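**Q** Pasting a structure here, questions to come.
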Number of protein chains: 2
Amino acid sequence: MILSRSSEYAIRAFLYLAKQEPGRLVMARQIAEDAGLPGHFLAKLLQQLARKGLVRSNKGPSGGFTLANDPRQINILSIVEAVEGIEGSTVEVPSPRTATDGWTTLHSRIVDYLEQTSLADISKTGNGSARKRKAAKNN
Amino acid sequence: MILSRSSEYAIRAFLYLAKQEPGRLVMARQIAEDAGLPGHFLAKLLQQLARKGLVRSNKGPSGGFTLANDPRQINILSIVEAVEGIEGSTVEVPSPRTATDGWTTLHSRIVDYLEQTSLADISKTGNGSARKRKAAKNN
DNA sequence: TGAATAAGGGACATTGATATCCCCTATCGA
DNA sequence: TCGATAGGGGATATCAATGTCCCTTATTCA
């Protein structure tokens, strides 16, 4: 599977939040329901993302979550890393074999793409797609 | 984690086989040892890949595995799909929500990249890298 | 032909990701 | 100030990915 389920849920939640008016607080249960995601599990993910500073949260009535930054400033990699830990994007070379092998090359290309792609890049979909270029810059 | 461990192992094994003289048979244990991969587990993966026709296998003494095609003809996606099943690359839209949402967009971009990238593309690494362009074609 | 070899394939153990639940804490509004 | 609300966080259950083992089958070679 390309990207873990946790990453998928987090990205879907971010896409949902990106559609709201900026600063509007939406509670986890609402997001889960509207986006079709497992509620309790999503709540945990959002808590993690709040600790990392990617979303802002408020407790109590009329509380909820909202994006901490403009969707154009949020790159997908930061979401994935916040959810899966950095190990997911950094390739650990176990033994001092070839320092940069083919796998590392492939992996870092994908990581670079995720880093250069913003939430806004993929949210304006449905019509003729938003942006081009971006990747194919590294290597 | 970007791509499962199984996919990583399979791709590493393919990269190893791609370095051999074409048609040369290498046994699973040898590949695992040289590439630093878990032996028994890799053997299972290679069996799967043999069934899917991506590698050819021979039993008995002087047996082993070899690539079924030229590394330039093997795209990474085919390896990933053979190991993880097609479910990994096809996004199942659970409910008839928005047919093409942002997640689907992102996911299919990565899948397209994997499909357009060959084994040869990533194996010529270590020097100045081999090819460019490729991605950024879809969307 | 038979002994050694290596893949094929099933059974099982282990680990980590995924998912749910419950109670605590902070906050809002009456 | 009190009750309701919503996130914070720990404990636990479930399930799939990962990893190991063992026996079978096919093949080679002496």
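Residues in the structure tokens are named by chain (A, B, ... in the order shown) and by number from 1 within that chain; ligands are numbered from 1 in the order shown.
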Select from chain B every residue with an atom at most 8 Å from any atom of chain C, then for each give the shortest pair of atoms and their distance in Å to one decimal, using only C-alpha atoms (C1' of nucleotides), rows by chain and rising number, as CSV.

**A**
```
residue,atom,partner,partner_atom,distance
B:Met27,CA,C:DA6,C1',7.3
B:Gln47,CA,C:DG8,C1',7.4
B:Ser57,CA,C:DA7,C1',7.4
B:Asn58,CA,C:DA7,C1',6.8
B:Lys59,CA,C:DA7,C1',4.9
B:Gly60,CA,C:DA6,C1',4.6
B:Pro61,CA,C:DT5,C1',4.5
B:Ser62,CA,C:DA6,C1',7.9
B:Gly63,CA,C:DA6,C1',6.0
B:Gly64,CA,C:DA6,C1',6.9
```

**Q** Got time to write the residues from that selection, C-alpha atoms, as a PDB file, in the first residue's frame?

**A**
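The resulting file, selection-v5.pdb, is reproduced below:
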```pdb
ATOM      1  CA  MET B  27      19.376 -18.395  -5.306  1.00  0.00           C
ATOM      2  CA  GLN B  47       7.864 -17.112  -5.146  1.00  0.00           C
ATOM      3  CA  SER B  57      12.799 -19.605 -11.243  1.00  0.00           C
ATOM      4  CA  ASN B  58      14.558 -22.956 -11.468  1.00  0.00           C
ATOM      5  CA  LYS B  59      14.585 -25.638  -8.825  1.00  0.00           C
ATOM      6  CA  GLY B  60      17.405 -27.929  -7.870  1.00  0.00           C
ATOM      7  CA  PRO B  61      21.170 -27.466  -7.883  1.00  0.00           C
ATOM      8  CA  SER B  62      22.344 -24.447  -9.848  1.00  0.00           C
ATOM      9  CA  GLY B  63      18.778 -23.217  -9.600  1.00  0.00           C
ATOM     10  CA  GLY B  64      17.632 -19.795  -8.440  1.00  0.00           C
TER      11      GLY B  64
END
```

**Q** Can you build me a table of chain D residues sitting at most 6 Å from chain A, with the closest atom pair per residue and its distance in Å to one decimal, using only C-alpha atoms (C1' of nucleotides), sorted by chain and residue number, as a tab-separated table?

**A**
```
residue	atom	partner	partner_atom	distance
D:DT5	C1'	A:Pro61	CA	4.5
D:DA6	C1'	A:Gly60	CA	4.6
D:DG7	C1'	A:Lys59	CA	5.0
```

**Q** So that I can see what lies close to Glu115 (chain B), please list as a list in words the residues with an atom at most 9 Å from it, counting only C-alpha atoms (C1' of nucleotides) and leaving out residues fewer than 5 positions away in the same chain.

**A**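 What passes the distance filter is Asn75, Ile76, Leu77, Ser78 and Ile110 of chain B.
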
**Q** Could you tell me how far CA of Phe41 (chain B) sits from C1' of DT18 (chain D), in Å to one decimal place?

**A** 8.0 Å

**Q** Please return, as a ChimeraX atom specification, all residues of region 41-124 of chain B that DSSP assigns to helix (DSSP H, G or I) on the basis of the backbone.

**A** /B:41-51,76-84,86-88,102-116,119-123

**Q** Using only C-alpha atoms, which of the listed residues (B:Leu119, B:Leu42, B:Ile2, B:Leu67) sits closest to chain A?

**A**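 Comparing B:Leu119, B:Leu42, B:Ile2, B:Leu67 against chain A, the winner is B:Ile2.
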
**Q** For each of B:Gln20, B:Thr100, B:Gln30, B:Ser108, take the minimum atom-to-atom distance to chain A, counting only C-alpha atoms, then give the residue where this is smallest.

**A** B:Thr100

**Q** So which residues touch Ile74 (chain A) within 6 Å, counting only C-alpha atoms (C1' of nucleotides), skipping near sequence neighbours fewer than 2 positions away, as a VMD selection string?

**A** chain A and resid 71 to 72 118 to 119

**Q** So what do you get for CA of Asp70 (chain B) versus CA of Thr104 (chain A), distance-wise?

**A**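 CA of Thr104 (chain A) lies at a distance of 21.1 Å from CA of Asp70 (chain B).
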
**Q** Could you work out how far CA of Gln73 (chain B) lies from CA of Gly39 (chain B), giving the answer in Å with one decimal?

**A** 26.5 Å

**Q** Between B:Leu17, B:Ala50, B:Ile11, B:Ala82, which is the closest to chain A once you count only C-alpha atoms?

**A**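 That would be B:Ile11, the residue with the smallest distance to chain A.
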